[in-house]
>>> print(open('my_file_14.txt').read())   # compact mmCIF, N, CA and C atoms and all ligand atoms
# COMPACT_ATOMS: atom_id res chain seq x y z
N MET A 1 139.32 91.71 108.72
CA MET A 1 138.55 92.24 107.60
C MET A 1 137.07 92.34 108.00
N ASN A 2 136.44 93.51 107.70
CA ASN A 2 135.01 93.63 107.92
C ASN A 2 134.27 92.81 106.88
N LYS A 3 133.37 91.95 107.34
CA LYS A 3 132.63 91.13 106.37
C LYS A 3 131.44 91.90 105.82
N ILE A 4 131.13 91.65 104.54
CA ILE A 4 129.91 92.20 103.96
C ILE A 4 128.78 91.27 104.37
N ARG A 5 127.76 91.84 105.02
CA ARG A 5 126.65 91.02 105.52
C ARG A 5 125.53 91.01 104.48
N ILE A 6 125.19 89.81 104.06
CA ILE A 6 124.29 89.63 102.92
C ILE A 6 122.98 88.97 103.34
N GLY A 7 121.90 89.44 102.71
CA GLY A 7 120.61 88.75 102.81
C GLY A 7 120.26 88.25 101.43
N ILE A 8 119.92 86.99 101.30
CA ILE A 8 119.59 86.44 99.98
C ILE A 8 118.07 86.24 99.88
N ILE A 9 117.51 86.66 98.75
CA ILE A 9 116.06 86.53 98.54
C ILE A 9 115.86 85.60 97.35
N GLY A 10 115.33 84.41 97.63
CA GLY A 10 115.17 83.38 96.60
C GLY A 10 116.29 82.37 96.71
N VAL A 11 115.93 81.16 97.16
CA VAL A 11 116.96 80.12 97.32
C VAL A 11 116.64 78.92 96.43
N GLY A 12 116.25 79.24 95.18
CA GLY A 12 116.00 78.18 94.19
C GLY A 12 117.31 77.74 93.56
N ILE A 13 117.26 77.42 92.27
CA ILE A 13 118.45 76.86 91.59
C ILE A 13 119.63 77.82 91.69
N ILE A 14 119.42 79.08 91.26
CA ILE A 14 120.56 79.99 91.18
C ILE A 14 120.92 80.55 92.56
N GLY A 15 119.93 80.69 93.43
CA GLY A 15 120.23 81.13 94.80
C GLY A 15 121.23 80.18 95.47
N LYS A 16 121.05 78.90 95.24
CA LYS A 16 121.97 77.91 95.85
C LYS A 16 123.37 78.01 95.22
N VAL A 17 123.41 78.32 93.91
CA VAL A 17 124.73 78.51 93.27
C VAL A 17 125.45 79.69 93.94
N HIS A 18 124.72 80.78 94.16
CA HIS A 18 125.33 81.95 94.82
C HIS A 18 125.82 81.57 96.22
N LEU A 19 125.01 80.80 96.94
CA LEU A 19 125.40 80.43 98.31
C LEU A 19 126.68 79.59 98.30
N ASP A 20 126.83 78.74 97.29
CA ASP A 20 128.07 77.95 97.18
C ASP A 20 129.28 78.89 97.02
N TYR A 21 129.10 79.95 96.22
CA TYR A 21 130.21 80.90 96.02
C TYR A 21 130.47 81.71 97.30
N TYR A 22 129.42 82.21 97.94
CA TYR A 22 129.62 82.99 99.18
C TYR A 22 130.40 82.18 100.20
N ALA A 23 130.14 80.86 100.24
CA ALA A 23 130.82 80.01 101.22
C ALA A 23 132.34 80.01 101.00
N LYS A 24 132.77 80.37 99.77
CA LYS A 24 134.21 80.37 99.46
C LYS A 24 134.82 81.76 99.60
N ILE A 25 133.99 82.78 99.89
CA ILE A 25 134.50 84.16 99.96
C ILE A 25 134.64 84.57 101.43
N GLU A 26 135.88 84.80 101.84
CA GLU A 26 136.13 85.09 103.25
C GLU A 26 135.40 86.35 103.73
N GLY A 27 135.30 87.35 102.83
CA GLY A 27 134.71 88.63 103.23
C GLY A 27 133.20 88.68 103.14
N ALA A 28 132.56 87.57 102.86
CA ALA A 28 131.09 87.57 102.73
C ALA A 28 130.47 86.68 103.81
N GLU A 29 129.38 87.18 104.38
CA GLU A 29 128.66 86.39 105.38
C GLU A 29 127.16 86.49 105.09
N VAL A 30 126.53 85.37 104.82
CA VAL A 30 125.09 85.38 104.56
C VAL A 30 124.38 85.24 105.90
N VAL A 31 123.69 86.32 106.29
CA VAL A 31 123.08 86.32 107.62
C VAL A 31 121.58 86.04 107.59
N ALA A 32 120.95 86.17 106.41
CA ALA A 32 119.51 85.95 106.35
C ALA A 32 119.11 85.49 104.95
N ALA A 33 118.01 84.74 104.90
CA ALA A 33 117.49 84.26 103.61
C ALA A 33 115.98 84.35 103.64
N ALA A 34 115.40 84.61 102.46
CA ALA A 34 113.94 84.66 102.34
C ALA A 34 113.51 83.84 101.13
N ASP A 35 112.42 83.11 101.29
CA ASP A 35 111.83 82.37 100.17
C ASP A 35 110.40 82.01 100.56
N LEU A 36 109.52 82.00 99.56
CA LEU A 36 108.12 81.62 99.82
C LEU A 36 108.01 80.15 100.21
N ASN A 37 108.94 79.35 99.72
CA ASN A 37 108.91 77.90 99.94
C ASN A 37 109.60 77.60 101.28
N GLU A 38 108.81 77.49 102.33
CA GLU A 38 109.38 77.42 103.68
C GLU A 38 110.21 76.15 103.90
N ALA A 39 109.75 75.03 103.36
CA ALA A 39 110.48 73.78 103.58
C ALA A 39 111.87 73.86 102.94
N GLU A 40 111.92 74.38 101.71
CA GLU A 40 113.20 74.52 101.02
C GLU A 40 114.09 75.53 101.74
N LEU A 41 113.46 76.61 102.21
CA LEU A 41 114.19 77.65 102.93
C LEU A 41 114.89 77.07 104.17
N GLN A 42 114.16 76.25 104.93
CA GLN A 42 114.74 75.68 106.15
C GLN A 42 115.88 74.73 105.81
N SER A 43 115.68 73.94 104.75
CA SER A 43 116.72 72.99 104.38
C SER A 43 117.99 73.72 103.92
N VAL A 44 117.81 74.81 103.14
CA VAL A 44 118.96 75.59 102.67
C VAL A 44 119.65 76.29 103.86
N ALA A 45 118.85 76.84 104.77
CA ALA A 45 119.42 77.55 105.93
C ALA A 45 120.28 76.60 106.77
N GLU A 46 119.81 75.37 106.89
CA GLU A 46 120.57 74.38 107.67
C GLU A 46 121.88 74.05 106.95
N LYS A 47 121.78 73.79 105.65
CA LYS A 47 122.98 73.41 104.89
C LYS A 47 124.05 74.51 104.89
N TYR A 48 123.60 75.78 104.74
CA TYR A 48 124.57 76.88 104.60
C TYR A 48 124.74 77.68 105.90
N HIS A 49 124.17 77.19 106.99
CA HIS A 49 124.32 77.84 108.30
C HIS A 49 123.87 79.30 108.27
N ILE A 50 122.66 79.52 107.76
CA ILE A 50 122.09 80.88 107.70
C ILE A 50 121.17 81.03 108.92
N PRO A 51 121.51 81.98 109.81
CA PRO A 51 120.78 82.03 111.08
C PRO A 51 119.34 82.55 111.03
N HIS A 52 119.02 83.43 110.06
CA HIS A 52 117.70 84.06 110.07
C HIS A 52 116.96 83.78 108.76
N THR A 53 115.71 83.33 108.85
CA THR A 53 114.94 83.01 107.64
C THR A 53 113.57 83.69 107.69
N TYR A 54 113.08 84.02 106.48
CA TYR A 54 111.80 84.72 106.37
C TYR A 54 111.04 84.23 105.15
N THR A 55 109.73 84.07 105.29
CA THR A 55 108.92 83.76 104.11
C THR A 55 108.43 85.05 103.46
N ARG A 56 108.51 86.17 104.17
CA ARG A 56 108.20 87.48 103.59
C ARG A 56 109.52 88.23 103.42
N PHE A 57 109.87 88.55 102.16
CA PHE A 57 111.16 89.22 101.95
C PHE A 57 111.18 90.59 102.63
N GLN A 58 109.98 91.20 102.81
CA GLN A 58 109.91 92.51 103.45
C GLN A 58 110.47 92.44 104.88
N ASP A 59 110.29 91.30 105.54
CA ASP A 59 110.81 91.16 106.91
C ASP A 59 112.33 91.11 106.92
N LEU A 60 112.89 90.47 105.91
CA LEU A 60 114.37 90.45 105.79
C LEU A 60 114.89 91.88 105.60
N LEU A 61 114.18 92.64 104.76
CA LEU A 61 114.64 94.01 104.45
C LEU A 61 114.59 94.92 105.67
N GLN A 62 113.79 94.56 106.67
CA GLN A 62 113.70 95.41 107.86
C GLN A 62 114.92 95.29 108.76
N ARG A 63 115.73 94.23 108.55
CA ARG A 63 116.92 94.08 109.40
C ARG A 63 117.88 95.26 109.15
N ASP A 64 118.49 95.75 110.22
CA ASP A 64 119.39 96.89 110.02
C ASP A 64 120.86 96.44 110.04
N ASP A 65 121.08 95.12 109.98
CA ASP A 65 122.47 94.63 110.01
C ASP A 65 122.85 93.95 108.69
N ILE A 66 122.12 94.30 107.62
CA ILE A 66 122.42 93.73 106.30
C ILE A 66 122.94 94.83 105.39
N ASP A 67 124.13 94.59 104.78
CA ASP A 67 124.72 95.59 103.88
C ASP A 67 124.13 95.47 102.48
N ALA A 68 123.97 94.23 102.02
CA ALA A 68 123.58 94.02 100.62
C ALA A 68 122.61 92.85 100.52
N VAL A 69 121.73 92.98 99.53
CA VAL A 69 120.73 91.94 99.31
C VAL A 69 121.01 91.32 97.94
N ASP A 70 120.95 90.01 97.90
CA ASP A 70 121.15 89.27 96.65
C ASP A 70 119.79 88.74 96.20
N ILE A 71 119.33 89.20 95.03
CA ILE A 71 117.98 88.86 94.58
C ILE A 71 118.04 87.78 93.50
N CYS A 72 117.52 86.61 93.84
CA CYS A 72 117.56 85.44 92.95
C CYS A 72 116.14 84.97 92.68
N LEU A 73 115.29 85.91 92.30
CA LEU A 73 113.88 85.62 92.02
C LEU A 73 113.64 85.60 90.52
N HIS A 74 112.44 85.24 90.13
CA HIS A 74 112.08 85.23 88.70
C HIS A 74 112.14 86.65 88.14
N ASN A 75 112.35 86.74 86.83
CA ASN A 75 112.67 88.03 86.19
C ASN A 75 111.69 89.15 86.52
N ASN A 76 110.39 88.87 86.51
CA ASN A 76 109.41 89.94 86.73
C ASN A 76 109.36 90.39 88.19
N ALA A 77 110.00 89.65 89.08
CA ALA A 77 110.05 90.07 90.49
C ALA A 77 111.29 90.92 90.77
N HIS A 78 112.22 90.99 89.81
CA HIS A 78 113.47 91.73 90.08
C HIS A 78 113.19 93.20 90.42
N ALA A 79 112.35 93.86 89.60
CA ALA A 79 112.15 95.31 89.81
C ALA A 79 111.47 95.62 91.15
N PRO A 80 110.31 95.04 91.45
CA PRO A 80 109.66 95.44 92.70
C PRO A 80 110.50 95.14 93.94
N VAL A 81 111.17 93.99 93.95
CA VAL A 81 111.94 93.62 95.16
C VAL A 81 113.23 94.44 95.24
N THR A 82 113.88 94.66 94.09
CA THR A 82 115.09 95.50 94.09
C THR A 82 114.76 96.90 94.59
N ILE A 83 113.68 97.48 94.11
CA ILE A 83 113.34 98.85 94.49
C ILE A 83 113.03 98.93 95.99
N GLU A 84 112.33 97.92 96.51
CA GLU A 84 112.06 97.92 97.96
C GLU A 84 113.36 97.79 98.75
N ALA A 85 114.28 96.97 98.24
CA ALA A 85 115.55 96.77 98.95
C ALA A 85 116.39 98.05 98.95
N LEU A 86 116.45 98.73 97.80
CA LEU A 86 117.20 99.99 97.70
C LEU A 86 116.60 101.03 98.64
N LYS A 87 115.28 101.06 98.65
CA LYS A 87 114.55 102.01 99.52
C LYS A 87 114.84 101.72 101.00
N ALA A 88 115.07 100.44 101.30
CA ALA A 88 115.38 100.05 102.68
C ALA A 88 116.85 100.28 103.01
N GLY A 89 117.60 100.86 102.05
CA GLY A 89 119.00 101.23 102.33
C GLY A 89 120.01 100.14 102.04
N LYS A 90 119.60 99.09 101.33
CA LYS A 90 120.54 98.00 101.04
C LYS A 90 121.13 98.18 99.64
N HIS A 91 122.41 97.78 99.48
CA HIS A 91 122.95 97.61 98.14
C HIS A 91 122.32 96.35 97.56
N VAL A 92 122.23 96.28 96.22
CA VAL A 92 121.55 95.14 95.61
C VAL A 92 122.41 94.49 94.53
N TYR A 93 122.49 93.17 94.61
CA TYR A 93 123.10 92.33 93.57
C TYR A 93 121.94 91.47 93.06
N CYS A 94 121.63 91.59 91.77
CA CYS A 94 120.42 90.94 91.25
C CYS A 94 120.78 90.03 90.08
N GLU A 95 120.09 88.93 90.00
CA GLU A 95 120.34 87.98 88.90
C GLU A 95 119.97 88.59 87.55
N LYS A 96 120.54 88.04 86.51
CA LYS A 96 120.22 88.47 85.16
C LYS A 96 118.98 87.73 84.66
N PRO A 97 118.23 88.29 83.73
CA PRO A 97 118.37 89.63 83.15
C PRO A 97 117.90 90.66 84.17
N ILE A 98 118.29 91.94 83.94
CA ILE A 98 117.95 92.95 84.95
C ILE A 98 116.47 92.91 85.32
N ALA A 99 115.60 92.73 84.32
CA ALA A 99 114.15 92.72 84.60
C ALA A 99 113.42 92.14 83.39
N GLY A 100 112.09 92.12 83.50
CA GLY A 100 111.30 91.57 82.41
C GLY A 100 111.02 92.58 81.30
N SER A 101 111.32 93.87 81.56
CA SER A 101 111.06 94.89 80.54
C SER A 101 112.07 96.03 80.72
N TYR A 102 112.21 96.82 79.66
CA TYR A 102 113.12 97.97 79.72
C TYR A 102 112.70 98.94 80.83
N ILE A 103 111.39 99.22 80.90
CA ILE A 103 110.92 100.22 81.86
C ILE A 103 111.16 99.76 83.30
N ASP A 104 111.01 98.44 83.54
CA ASP A 104 111.30 97.92 84.89
C ASP A 104 112.80 98.05 85.19
N GLY A 105 113.63 97.71 84.20
CA GLY A 105 115.08 97.80 84.41
C GLY A 105 115.49 99.24 84.68
N LYS A 106 114.92 100.16 83.92
CA LYS A 106 115.27 101.58 84.11
C LYS A 106 114.83 102.06 85.50
N SER A 107 113.66 101.58 85.94
CA SER A 107 113.18 102.03 87.26
C SER A 107 114.12 101.53 88.36
N MET A 108 114.76 100.38 88.15
CA MET A 108 115.73 99.88 89.14
C MET A 108 116.97 100.77 89.17
N VAL A 109 117.47 101.13 87.99
CA VAL A 109 118.66 102.00 87.92
C VAL A 109 118.33 103.37 88.52
N ASP A 110 117.16 103.89 88.19
CA ASP A 110 116.75 105.19 88.74
C ASP A 110 116.67 105.14 90.27
N ALA A 111 116.12 104.03 90.79
CA ALA A 111 115.98 103.90 92.25
C ALA A 111 117.35 103.83 92.93
N ALA A 112 118.31 103.14 92.30
CA ALA A 112 119.66 103.06 92.88
C ALA A 112 120.25 104.46 93.00
N ARG A 113 120.04 105.28 91.95
CA ARG A 113 120.56 106.66 91.98
C ARG A 113 119.81 107.47 93.06
N GLN A 114 118.49 107.31 93.08
CA GLN A 114 117.67 108.08 94.02
C GLN A 114 118.06 107.79 95.48
N TYR A 115 118.28 106.50 95.80
CA TYR A 115 118.55 106.13 97.20
C TYR A 115 120.05 106.04 97.50
N GLY A 116 120.90 106.30 96.48
CA GLY A 116 122.34 106.33 96.72
C GLY A 116 122.93 104.99 97.11
N ARG A 117 122.40 103.91 96.55
CA ARG A 117 122.91 102.56 96.84
C ARG A 117 123.44 101.95 95.54
N LYS A 118 124.28 100.92 95.67
CA LYS A 118 124.81 100.26 94.48
C LYS A 118 123.84 99.21 93.98
N LEU A 119 123.76 99.11 92.66
CA LEU A 119 122.96 98.05 92.03
C LEU A 119 123.86 97.37 91.02
N HIS A 120 124.00 96.07 91.14
CA HIS A 120 124.81 95.33 90.16
C HIS A 120 124.02 94.12 89.68
N ILE A 121 124.12 93.87 88.38
CA ILE A 121 123.43 92.71 87.81
C ILE A 121 124.45 91.62 87.57
N GLN A 122 124.09 90.41 87.92
CA GLN A 122 125.00 89.26 87.76
C GLN A 122 125.18 88.99 86.27
N LEU A 123 126.31 89.44 85.73
CA LEU A 123 126.66 89.18 84.34
C LEU A 123 128.15 88.84 84.34
N SER A 124 128.47 87.64 84.77
CA SER A 124 129.88 87.33 85.02
C SER A 124 130.73 87.40 83.76
N TYR A 125 130.10 87.23 82.58
CA TYR A 125 130.89 87.31 81.34
C TYR A 125 131.51 88.69 81.15
N LEU A 126 130.96 89.71 81.82
CA LEU A 126 131.55 91.04 81.71
C LEU A 126 133.01 91.03 82.14
N TYR A 127 133.36 90.11 83.04
CA TYR A 127 134.71 90.08 83.60
C TYR A 127 135.59 89.02 82.95
N ALA A 128 135.05 88.35 81.93
CA ALA A 128 135.85 87.32 81.25
C ALA A 128 136.98 88.00 80.48
N LYS A 129 138.10 87.27 80.36
CA LYS A 129 139.27 87.84 79.65
C LYS A 129 138.88 88.27 78.23
N GLU A 130 138.04 87.44 77.60
CA GLU A 130 137.65 87.71 76.22
C GLU A 130 136.86 89.02 76.12
N THR A 131 135.93 89.24 77.09
CA THR A 131 135.11 90.46 77.07
C THR A 131 136.00 91.68 77.30
N LEU A 132 136.91 91.55 78.27
CA LEU A 132 137.79 92.68 78.58
C LEU A 132 138.69 93.01 77.38
N ALA A 133 139.14 91.96 76.69
CA ALA A 133 139.97 92.18 75.52
C ALA A 133 139.17 92.87 74.42
N ALA A 134 137.92 92.43 74.22
CA ALA A 134 137.08 93.04 73.18
C ALA A 134 136.83 94.51 73.51
N LYS A 135 136.62 94.80 74.80
CA LYS A 135 136.37 96.18 75.22
C LYS A 135 137.60 97.06 74.95
N ARG A 136 138.80 96.49 75.26
CA ARG A 136 140.05 97.23 75.02
C ARG A 136 140.20 97.54 73.54
N1 LIG B 201 118.72 78.55 86.83
C1 LIG B 201 119.72 79.04 86.10
O1 LIG B 201 120.59 78.31 85.54
C2 LIG B 201 119.91 80.53 85.95
C3 LIG B 201 121.02 80.99 85.28
C4 LIG B 201 121.23 82.37 85.17
C5 LIG B 201 120.30 83.24 85.69
N2 LIG B 201 119.21 82.76 86.34
C6 LIG B 201 118.25 83.74 86.86
O2 LIG B 201 118.07 83.54 88.26
C7 LIG B 201 116.75 83.95 88.64
C8 LIG B 201 116.10 82.83 89.44
O3 LIG B 201 116.05 81.65 88.64
P1 LIG B 201 116.04 80.20 89.30
O4 LIG B 201 116.36 79.29 88.16
O5 LIG B 201 116.91 80.16 90.52
O6 LIG B 201 114.50 80.04 89.71
P2 LIG B 201 113.87 79.07 90.82
O7 LIG B 201 112.43 78.91 90.49
O8 LIG B 201 114.71 77.83 90.97
O9 LIG B 201 114.03 79.90 92.18
C9 LIG B 201 113.25 81.03 92.48
C10 LIG B 201 112.96 81.00 93.97
O10 LIG B 201 112.27 82.20 94.31
C11 LIG B 201 111.26 81.88 95.26
N3 LIG B 201 110.27 82.97 95.23
C12 LIG B 201 109.40 83.29 94.24
N4 LIG B 201 108.71 84.41 94.56
C13 LIG B 201 109.17 84.82 95.77
C14 LIG B 201 108.87 85.91 96.64
N5 LIG B 201 107.96 86.84 96.33
N6 LIG B 201 109.52 86.01 97.83
C15 LIG B 201 110.45 85.09 98.18
N7 LIG B 201 110.78 84.01 97.39
C16 LIG B 201 110.15 83.89 96.21
C17 LIG B 201 110.73 80.52 94.82
O11 LIG B 201 110.06 79.85 95.87
C18 LIG B 201 112.03 79.83 94.38
O12 LIG B 201 112.64 79.13 95.46
C19 LIG B 201 116.03 84.31 87.32
O13 LIG B 201 116.09 85.71 87.14
C20 LIG B 201 116.87 83.62 86.25
O14 LIG B 201 116.83 84.31 85.01
C21 LIG B 201 118.98 81.44 86.49
>>> encode(input="my_file_14.txt", output="C-alpha cells", more="lines below")
Ligand SMILES: NC(=O)c1ccc[n+]([C@@H]2O[C@H](COP(=O)([O-])OP(=O)(O)OC[C@H]3O[C@@H](n4cnc5c(N)ncnc54)[C@H](O)[C@@H]3O)[C@@H](O)[C@H]2O)c1
Amino acid sequence: MNKIRIGIIGVGIIGKVHLDYYAKIEGAEVVAAADLNEAELQSVAEKYHIPHTYTRFQDLLQRDDIDAVDICLHNNAHAPVTIEALKAGKHVYCEKPIAGSYIDGKSMVDAARQYGRKLHIQLSYLYAKETLAAKR
C-alpha cells in the first residue's frame, strides 16, 4: 500500500491526539512536523519518530515529498497557513472550527478550489451513526 505522507503543523494538545491516531493507521506516515515551540517539537518528534522538524512551517511546506498537511494551530492561524499549504500543492486536513471568521473560512474553501487540492475540516461527529441517521 502506498502510504500518505503527512506533515503536521502544531504539536500542542490536539496535534498530539492526531499523532496518536496516525500511529494506528497503516496507510499514514508522518514525515515532518512544525511548531514554534522547539523544545516541545523535539520531544514530540522523538516520541513519534518524526524524522524532520521545523520551527518555520513555511520550511515544512517546501518539502516535495509531503502529500497532505495537518493543521493543528489556533483558530485564527487556520486560514493563512491552510492557504499557504494549498498553494504549495498539499492537501489540507485542518482542525475545527474552520477559521475565526466566515470570510477566512470561505477564503480557505476558495483556495482549495483554486489550487485543486482537498480541504477537510476535522469534524468527526459528521461520521457518527447518529449524524448519518439524521441526514438520511
Ligand atoms: N484541545 C482540544 O481539546 C481541541 C479539541 C478540538 C479542536 N481543537 C482545535 O485544535 C486547534 C489547536 O488547539 P490546541 O488545543 O492543540 O492548542 P495548543 O495551544 O495546545 O497547540 C497549538 C500549537 O501550535 C503552535 N503554534 C502556534 N503558532 C504557530 C505557528 N505560527 N507555527 C507553528 N506552530 C505554531 C504552538 O506552539 C502550540 O504547540 C484549535 O483550532 C482548536 O480549536 C482543540
>>> atom_distance(input="my_file_14.txt", atom1="atom CA of A:Met108", atom2="atom CA of A:Ala79")
5.8 Å
>>> axis_aligned_box(input="my_file_14.txt", around="stretch 85-99 of chain A", padding_each_side="3 Å", output="lines of an AutoDock Vina configuration file")
center_x = 118.3
center_y = 94.9
center_z = 93.1
size_x = 15.7
size_y = 20.3
size_z = 25.9
>>> select_by_dssp(input="my_file_14.txt", residues="stretch 35-103 of chain A", states="helix (DSSP H, G or I)", output="ChimeraX atom specification")
/A:38-48,57-61,75-87,102-103
>>> write_last_selection(input="my_file_14.txt", atoms="N, CA and C atoms", output="short mmCIF file (atom, residue, chain, number, x, y, z; two decimals), in the frame of the given file")
data_model
loop_
_atom_site.label_atom_id
_atom_site.label_comp_id
_atom_site.auth_asym_id
_atom_site.auth_seq_id
_atom_site.Cartn_x
_atom_site.Cartn_y
_atom_site.Cartn_z
N GLU A 38 108.81 77.49 102.33
CA GLU A 38 109.38 77.42 103.68
C GLU A 38 110.21 76.15 103.90
N ALA A 39 109.75 75.03 103.36
CA ALA A 39 110.48 73.78 103.58
C ALA A 39 111.87 73.86 102.94
N GLU A 40 111.92 74.38 101.71
CA GLU A 40 113.20 74.52 101.02
C GLU A 40 114.09 75.53 101.74
N LEU A 41 113.46 76.61 102.21
CA LEU A 41 114.19 77.65 102.93
C LEU A 41 114.89 77.07 104.17
N GLN A 42 114.16 76.25 104.93
CA GLN A 42 114.74 75.68 106.15
C GLN A 42 115.88 74.73 105.81
N SER A 43 115.68 73.94 104.75
CA SER A 43 116.72 72.99 104.38
C SER A 43 117.99 73.72 103.92
N VAL A 44 117.81 74.81 103.14
CA VAL A 44 118.96 75.59 102.67
C VAL A 44 119.65 76.29 103.86
N ALA A 45 118.85 76.84 104.77
CA ALA A 45 119.42 77.55 105.93
C ALA A 45 120.28 76.60 106.77
N GLU A 46 119.81 75.37 106.89
CA GLU A 46 120.57 74.38 107.67
C GLU A 46 121.88 74.05 106.95
N LYS A 47 121.78 73.79 105.65
CA LYS A 47 122.98 73.41 104.89
C LYS A 47 124.05 74.51 104.89
N TYR A 48 123.60 75.78 104.74
CA TYR A 48 124.57 76.88 104.60
C TYR A 48 124.74 77.68 105.90
N PHE A 57 109.87 88.55 102.16
CA PHE A 57 111.16 89.22 101.95
C PHE A 57 111.18 90.59 102.63
N GLN A 58 109.98 91.20 102.81
CA GLN A 58 109.91 92.51 103.45
C GLN A 58 110.47 92.44 104.88
N ASP A 59 110.29 91.30 105.54
CA ASP A 59 110.81 91.16 106.91
C ASP A 59 112.33 91.11 106.92
N LEU A 60 112.89 90.47 105.91
CA LEU A 60 114.37 90.45 105.79
C LEU A 60 114.89 91.88 105.60
N LEU A 61 114.18 92.64 104.76
CA LEU A 61 114.64 94.01 104.45
C LEU A 61 114.59 94.92 105.67
N ASN A 75 112.35 86.74 86.83
CA ASN A 75 112.67 88.03 86.19
C ASN A 75 111.69 89.15 86.52
N ASN A 76 110.39 88.87 86.51
CA ASN A 76 109.41 89.94 86.73
C ASN A 76 109.36 90.39 88.19
N ALA A 77 110.00 89.65 89.08
CA ALA A 77 110.05 90.07 90.49
C ALA A 77 111.29 90.92 90.77
N HIS A 78 112.22 90.99 89.81
CA HIS A 78 113.47 91.73 90.08
C HIS A 78 113.19 93.20 90.42
N ALA A 79 112.35 93.86 89.60
CA ALA A 79 112.15 95.31 89.81
C ALA A 79 111.47 95.62 91.15
N PRO A 80 110.31 95.04 91.45
CA PRO A 80 109.66 95.44 92.70
C PRO A 80 110.50 95.14 93.94
N VAL A 81 111.17 93.99 93.95
CA VAL A 81 111.94 93.62 95.16
C VAL A 81 113.23 94.44 95.24
N THR A 82 113.88 94.66 94.09
CA THR A 82 115.09 95.50 94.09
C THR A 82 114.76 96.90 94.59
N ILE A 83 113.68 97.48 94.11
CA ILE A 83 113.34 98.85 94.49
C ILE A 83 113.03 98.93 95.99
N GLU A 84 112.33 97.92 96.51
CA GLU A 84 112.06 97.92 97.96
C GLU A 84 113.36 97.79 98.75
N ALA A 85 114.28 96.97 98.24
CA ALA A 85 115.55 96.77 98.95
C ALA A 85 116.39 98.05 98.95
N LEU A 86 116.45 98.73 97.80
CA LEU A 86 117.20 99.99 97.70
C LEU A 86 116.60 101.03 98.64
N LYS A 87 115.28 101.06 98.65
CA LYS A 87 114.55 102.01 99.52
C LYS A 87 114.84 101.72 101.00
N TYR A 102 112.21 96.82 79.66
CA TYR A 102 113.12 97.97 79.72
C TYR A 102 112.70 98.94 80.83
N ILE A 103 111.39 99.22 80.90
CA ILE A 103 110.92 100.22 81.86
C ILE A 103 111.16 99.76 83.30
#
>>> select_by_dssp(input="my_file_14.txt", residues="stretch 36-105 of chain A", states="strand (DSSP E or B)", output="NGL selection string")
:A and (52-54 or 68-71 or 91-94)
>>> residues_near_ligand(input="my_file_14.txt", ligand="ligand LIG 201 (chain B)", cutoff="8 Å", atoms="only C-alpha atoms and all ligand atoms", output="PyMOL selection string")
chain A and resi 9-16+34-37+40-41+55-57+71-78+81+94-99+122
>>> residues_around(input="my_file_14.txt", residues="A:Leu86", least_positions_apart="4", cutoff="7 Å", atoms="all atoms listed in the file", output="NGL selection string")
:A and (81-82 or 90-92 or 111-112 or 115 or 117)
>>> write_last_selection(input="my_file_14.txt", atoms="N, CA and C atoms", output="mmCIF file, in the frame of the given file")
data_model
loop_
_atom_site.group_PDB
_atom_site.id
_atom_site.type_symbol
_atom_site.label_atom_id
_atom_site.label_comp_id
_atom_site.auth_asym_id
_atom_site.auth_seq_id
_atom_site.Cartn_x
_atom_site.Cartn_y
_atom_site.Cartn_z
ATOM 1 N N VAL A 81 111.170 93.990 93.950
ATOM 2 C CA VAL A 81 111.940 93.620 95.160
ATOM 3 C C VAL A 81 113.230 94.440 95.240
ATOM 4 N N THR A 82 113.880 94.660 94.090
ATOM 5 C CA THR A 82 115.090 95.500 94.090
ATOM 6 C C THR A 82 114.760 96.900 94.590
ATOM 7 N N LYS A 90 119.600 99.090 101.330
ATOM 8 C CA LYS A 90 120.540 98.000 101.040
ATOM 9 C C LYS A 90 121.130 98.180 99.640
ATOM 10 N N HIS A 91 122.410 97.780 99.480
ATOM 11 C CA HIS A 91 122.950 97.610 98.140
ATOM 12 C C HIS A 91 122.320 96.350 97.560
ATOM 13 N N VAL A 92 122.230 96.280 96.220
ATOM 14 C CA VAL A 92 121.550 95.140 95.610
ATOM 15 C C VAL A 92 122.410 94.490 94.530
ATOM 16 N N ALA A 111 116.120 104.030 90.790
ATOM 17 C CA ALA A 111 115.980 103.900 92.250
ATOM 18 C C ALA A 111 117.350 103.830 92.930
ATOM 19 N N ALA A 112 118.310 103.140 92.300
ATOM 20 C CA ALA A 112 119.660 103.060 92.880
ATOM 21 C C ALA A 112 120.250 104.460 93.000
ATOM 22 N N TYR A 115 118.280 106.500 95.800
ATOM 23 C CA TYR A 115 118.550 106.130 97.200
ATOM 24 C C TYR A 115 120.050 106.040 97.500
ATOM 25 N N ARG A 117 122.400 103.910 96.550
ATOM 26 C CA ARG A 117 122.910 102.560 96.840
ATOM 27 C C ARG A 117 123.440 101.950 95.540
#
>>> closest_residue(input="my_file_14.txt", among="A:Ala45, A:Leu132, A:Ile50, A:Ile4", to="A:Asp67", atoms="all atoms listed in the file")
A:Ile4
>>> closest_residue(input="my_file_14.txt", among="A:Leu126, A:Ile103, A:Val30, A:Leu61", to="A:Ala85", atoms="only N, CA and C atoms")
A:Leu61
>>> closest_residue(input="my_file_14.txt", among="A:Ile6, A:Val17, A:Ile66, A:Ala134", to="A:Glu29", atoms="only N, CA and C atoms")
A:Ile6
>>> atom_distance(input="my_file_14.txt", atom1="atom N of A:Glu46", atom2="atom N of A:Leu19")
12.5 Å
>>> atom_distance(input="my_file_14.txt", atom1="atom CA of A:Gln42", atom2="atom C of A:Tyr93")
21.7 Å
>>> closest_residue(input="my_file_14.txt", among="A:Ala23, A:Ile8, A:Ala128, A:Ala33", to="A:Ala68", atoms="all atoms listed in the file")
A:Ile8
